[in-house]
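K.L.:
Next comes the structure file coords_14.tsv, holding TSV, C-alpha atoms.
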chain	number	residue	atom	x	y	z
A	642	MET	CA	21.47	-3.40	-5.63
A	643	ALA	CA	22.16	-5.70	-2.68
A	644	GLU	CA	20.56	-9.12	-2.64
A	645	ARG	CA	17.70	-9.49	-0.17
A	646	ASN	CA	17.91	-11.91	2.71
A	647	LYS	CA	15.80	-15.06	2.39
A	648	LYS	CA	13.70	-16.48	5.17
A	649	LYS	CA	11.28	-19.29	5.90
A	650	ALA	CA	7.94	-18.26	7.40
A	651	GLU	CA	6.65	-19.90	10.55
A	652	GLU	CA	3.10	-20.54	11.66
A	653	ILE	CA	1.82	-18.42	14.53
A	654	GLU	CA	-1.01	-19.86	16.60
A	655	THR	CA	-3.27	-18.12	19.13
A	656	TRP	CA	-6.15	-19.44	21.23
A	657	ASN	CA	-9.28	-17.62	22.45
A	658	PHE	CA	-12.58	-18.31	24.15
A	659	VAL	CA	-15.73	-16.73	22.70
A	660	PHE	CA	-17.56	-14.67	25.32
A	661	PRO	CA	-21.17	-13.39	25.32
A	662	ASN	CA	-20.07	-9.79	24.66
A	663	GLN	CA	-18.53	-10.99	21.36
A	664	SER	CA	-21.79	-12.36	20.01
A	665	ASN	CA	-25.22	-11.43	18.74
A	666	PRO	CA	-28.43	-12.29	20.68
A	667	TYR	CA	-28.46	-15.75	19.06
A	668	GLY	CA	-25.03	-16.69	20.39
A	669	ASN	CA	-23.11	-16.38	17.09
A	670	MET	CA	-19.76	-14.60	17.26
A	671	PHE	CA	-19.71	-11.21	15.52
A	672	GLY	CA	-17.68	-11.29	12.30
A	673	GLY	CA	-15.93	-8.06	13.25
A	674	GLU	CA	-14.77	-9.54	16.55
A	675	LEU	CA	-13.39	-12.55	14.72
A	676	LEU	CA	-11.65	-10.38	12.11
A	677	ALA	CA	-9.95	-8.40	14.91
A	678	ILE	CA	-8.52	-11.63	16.34
A	679	MET	CA	-7.45	-12.77	12.87
A	680	ASP	CA	-5.82	-9.39	12.15
A	681	THR	CA	-3.84	-9.51	15.39
A	682	THR	CA	-2.58	-13.03	14.69
A	683	ALA	CA	-1.72	-12.10	11.09
A	684	ALA	CA	0.22	-9.09	12.38
A	685	MET	CA	2.16	-11.30	14.80
A	686	ALA	CA	3.11	-13.64	11.93
A	687	ALA	CA	4.20	-10.68	9.77
A	688	ILE	CA	6.19	-9.06	12.59
A	689	ARG	CA	7.92	-12.36	13.33
A	690	TYR	CA	8.77	-12.79	9.64
A	691	ALA	CA	9.87	-9.22	8.83
A	692	GLU	CA	11.30	-8.39	12.27
A	693	LYS	CA	9.78	-4.94	11.79
A	694	THR	CA	6.68	-2.96	12.71
A	695	VAL	CA	3.76	-3.73	10.40
A	696	SER	CA	0.38	-2.32	9.52
A	697	THR	CA	-2.58	-3.97	7.82
A	698	ALA	CA	-3.17	-2.68	4.30
A	699	SER	CA	-6.06	-4.92	3.22
A	700	VAL	CA	-8.07	-8.03	3.93
A	701	GLU	CA	-9.12	-10.27	1.06
A	702	ARG	CA	-11.12	-13.41	0.49
A	703	VAL	CA	-12.77	-13.65	3.90
A	704	ILE	CA	-14.80	-16.85	3.93
A	705	PHE	CA	-17.06	-17.63	6.88
A	706	LYS	CA	-17.52	-21.39	6.45
A	707	LYS	CA	-18.99	-22.40	9.81
A	708	PRO	CA	-20.46	-20.34	12.65
A	709	ILE	CA	-18.68	-19.84	15.96
A	710	PHE	CA	-20.71	-19.75	19.16
A	711	VAL	CA	-20.37	-18.41	22.70
A	712	GLY	CA	-18.22	-20.79	24.71
A	713	ASP	CA	-16.30	-22.13	21.70
A	714	ARG	CA	-12.54	-22.39	21.92
A	715	ILE	CA	-10.97	-21.04	18.75
A	716	LYS	CA	-7.49	-21.52	17.36
A	717	THR	CA	-6.22	-18.91	14.90
A	718	VAL	CA	-3.30	-19.91	12.68
A	719	ALA	CA	-1.42	-17.38	10.53
A	720	LYS	CA	1.54	-17.72	8.18
A	721	VAL	CA	3.22	-15.46	5.60
A	722	VAL	CA	2.54	-17.08	2.22
A	723	LEU	CA	3.59	-14.37	-0.26
A	724	VAL	CA	5.93	-11.38	-0.09
A	725	GLY	CA	6.50	-8.30	-2.19
A	726	ARG	CA	9.24	-5.75	-1.62
A	727	THR	CA	7.71	-4.22	1.54
A	728	SER	CA	4.47	-6.19	1.91
A	729	MET	CA	3.47	-9.65	3.03
A	730	MET	CA	0.30	-11.63	2.46
A	731	VAL	CA	-0.64	-13.72	5.48
A	732	ARG	CA	-3.09	-16.61	5.24
A	733	THR	CA	-5.12	-16.73	8.44
A	734	ASP	CA	-7.39	-19.65	9.38
A	735	VAL	CA	-9.69	-20.02	12.38
A	736	PHE	CA	-10.58	-23.44	13.75
A	737	VAL	CA	-13.18	-24.33	16.36
A	738	ASP	CA	-11.77	-26.82	18.86
A	739	LYS	CA	-14.35	-29.60	18.93
A	740	GLY	CA	-12.20	-31.78	21.17
A	741	GLY	CA	-12.07	-35.54	21.25
A	742	GLU	CA	-12.12	-37.39	17.95
A	743	GLU	CA	-13.76	-34.49	16.12
A	744	GLY	CA	-10.65	-32.34	16.52
A	745	ASP	CA	-10.58	-28.91	14.87
A	746	MET	CA	-13.23	-27.64	12.45
A	747	LEU	CA	-12.20	-24.94	9.95
A	748	SER	CA	-14.53	-22.00	10.49
A	749	THR	CA	-13.08	-18.97	8.73
A	750	THR	CA	-10.22	-18.12	6.40
A	751	ALA	CA	-8.84	-14.83	5.05
A	752	HIS	CA	-5.75	-13.31	3.50
A	753	PHE	CA	-4.33	-10.17	5.13
A	754	THR	CA	-1.81	-7.91	3.40
A	755	LEU	CA	0.53	-6.13	5.79
A	756	VAL	CA	3.28	-3.60	5.11
A	757	ALA	CA	6.56	-3.50	7.03
A	758	PHE	CA	7.94	-0.18	8.33
A	759	ASP	CA	11.27	1.10	9.58
A	760	GLU	CA	11.74	3.32	12.66
A	761	GLN	CA	10.65	6.42	10.69
A	762	ARG	CA	7.43	4.67	9.55
A	763	VAL	CA	8.72	4.42	5.98
A	764	PRO	CA	7.89	1.16	4.15
A	765	ALA	CA	10.83	-1.20	4.62
A	766	GLU	CA	12.06	-4.13	2.58
A	767	VAL	CA	11.22	-7.64	3.82
A	768	PRO	CA	13.16	-10.86	3.20
A	769	GLU	CA	12.36	-13.06	0.22
A	770	LEU	CA	10.17	-16.01	1.15
A	771	ILE	CA	11.64	-19.51	1.11
A	772	ILE	CA	9.04	-21.98	-0.17
A	773	GLU	CA	9.89	-25.65	0.33
A	774	THR	CA	6.79	-27.84	0.57
A	775	ASP	CA	3.95	-28.54	-1.87
A	776	LYS	CA	1.51	-27.03	0.65
A	777	GLU	CA	3.57	-23.81	0.85
A	778	LYS	CA	3.74	-23.66	-2.95
A	779	LYS	CA	-0.05	-24.07	-3.29
A	780	GLN	CA	-0.71	-21.43	-0.63
A	781	SER	CA	1.71	-19.03	-2.32
A	782	GLU	CA	0.10	-19.60	-5.73
A	783	LEU	CA	-3.37	-18.96	-4.28
A	784	ALA	CA	-2.10	-15.78	-2.60
A	785	GLN	CA	-0.63	-14.61	-5.92
A	786	GLN	CA	-3.97	-15.24	-7.65
A	787	ILE	CA	-5.73	-13.20	-4.96
A	788	LYS	CA	-3.17	-10.38	-5.36
A	789	ASP	CA	-3.61	-10.40	-9.15
A	790	HIS	CA	-7.41	-10.34	-8.81
A	791	VAL	CA	-7.22	-7.39	-6.41
A	792	GLY	CA	-4.99	-5.52	-8.86
A	793	ARG	CA	-7.45	-6.05	-11.72
A	794	ARG	CA	-10.36	-4.97	-9.50
A	795	GLU	CA	-8.56	-1.77	-8.48
A	796	VAL	CA	-7.93	-0.87	-12.14
A	797	ARG	CA	-11.63	-1.36	-12.97
A	798	ILE	CA	-12.70	0.77	-9.99
A	799	LYS	CA	-10.34	3.60	-11.03
A	800	GLU	CA	-11.74	3.46	-14.57
A	801	VAL	CA	-15.31	3.81	-13.27
A	802	VAL	CA	-14.35	6.66	-10.93
A	803	GLU	CA	-12.60	8.52	-13.79
A	804	LYS	CA	-15.60	7.99	-16.05
A	805	TRP	CA	-17.92	9.68	-13.53
A	806	LYS	CA	-15.71	12.70	-12.68
Kindly present the structure from the file in structure tokens form.
P.N.:
Amino acid sequence: MAERNKKKAEEIETWNFVFPNQSNPYGNMFGGELLAIMDTTAAMAAIRYAEKTVSTASVERVIFKKPIFVGDRIKTVAKVVLVGRTSMMVRTDVFVDKGGEEGDMLSTTAHFTLVAFDEQRVPAEVPELIIETDKEKKQSELAQQIKDHVGRREVRIKEVVEKWK
């Protein structure tokens, strides 16, 4: 079997304004609207890394830490932090731009798993991830813990489904 290429992931950053049609009557941004922005940025990071078409397979560990309001400027940052053979886990963080000395406030974080595809829409191999910094190592370890937890949860769900057939 040929050795896989190795590659360093890069951060992808997007900026958006929050408009009234993206919020509830109280001015808070809808979670679904935010997840759509996060998913798009995660996909861009995965496409850039794999150099292939990708599709979202799952979203894990979504944490809404702080609300986002109409008129806020949001920065979404995504980076591949863990890879499998054909899949990539992308950590995606959203910051509210507070400006001035306040800077950016972390609002939301999630981990998206995306699968790479070839031209025939068959899952395609992705490069191995080069991890160099302590921050990258910690993010990769967290992503692996999330992946392991998801695997255990899926086994338990299958056992319950089988029990009730």
K.L.:
Write out as JSON lines the residues of segment 713-751 of chain A that have any atom within 8 Å of an atom of segment 765-774 of chain A, one row each with the nearest atom pair and its distance in Å to one decimal, counting all atoms listed in the file, sorted by chain and then rising number.
P.N.:
{"residue": "A:Val722", "atom": "CA", "partner": "A:Leu770", "partner_atom": "CA", "distance": 7.8}
{"residue": "A:Leu723", "atom": "CA", "partner": "A:Leu770", "partner_atom": "CA", "distance": 6.9}
{"residue": "A:Val724", "atom": "CA", "partner": "A:Leu770", "partner_atom": "CA", "distance": 6.4}
{"residue": "A:Gly725", "atom": "CA", "partner": "A:Val767", "partner_atom": "CA", "distance": 7.7}
{"residue": "A:Arg726", "atom": "CA", "partner": "A:Glu766", "partner_atom": "CA", "distance": 5.3}
{"residue": "A:Thr727", "atom": "CA", "partner": "A:Glu766", "partner_atom": "CA", "distance": 4.5}
{"residue": "A:Ser728", "atom": "CA", "partner": "A:Val767", "partner_atom": "CA", "distance": 7.2}
K.L.:
Measuring atom to atom with all atoms listed in the file, identify which of A:Ile715, A:Val796, A:Ile678, A:Val791 is nearest to Arg702 of chain A.
P.N.:
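The answer is A:Val791, which sits nearest to Arg702 of chain A.
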K.L.:
One number please: atom CA of Trp656 of chain A to atom CA of Ser748 of chain A, in Å, one decimal.
P.N.:
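Atom-to-atom, atom CA of Trp656 of chain A to atom CA of Ser748 of chain A, that is 13.9 Å.
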K.L.:
Just want the 12 Å neighbourhood of Thr697 of chain A, counted on only C-alpha atoms, with same-chain residues fewer than 6 positions away dropped. Output as number ranges by chain.
P.N.:
A: 676-677, 679-688, 728-731, 752-758
K.L.:
Using 5 Å of padding on each side, determine the axis-aligned box around all atoms of segment 664-669 of chain A present in the file and give its centre and edge lengths in Å to one decimal, as AutoDock Vina command-line options.
P.N.:
--center_x -25.1 --center_y -14.1 --center_z 18.9 --size_x 16.7 --size_y 15.3 --size_z 13.6
K.L.:
Restricting the calculation to all atoms listed in the file, which member of A:Tyr667, A:Arg732, A:Glu652, A:Glu803 is positioned closest to Lys779 of chain A?
P.N.:
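Closest to Lys779 of chain A of all the choices is A:Arg732.
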K.L.:
Need the shell around segment 738-740 of chain A: protein/DNA/RNA residues with any atom at most 7 Å away, counting all atoms listed in the file. Skip same-chain ones fewer than 5 positions apart. Format as a list in words?
P.N.:
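Using all atoms listed in the file, the neighbours found are Arg714, Ile715, Lys716, Asp745 and Met746 of chain A.
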K.L.:
Using all atoms listed in the file, which residue out of A:Thr750, A:Asn665, A:Gln780, A:Thr694 lies closest to Phe710 of chain A?
P.N.:
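Smallest separation from Phe710 of chain A among the options: A:Asn665.
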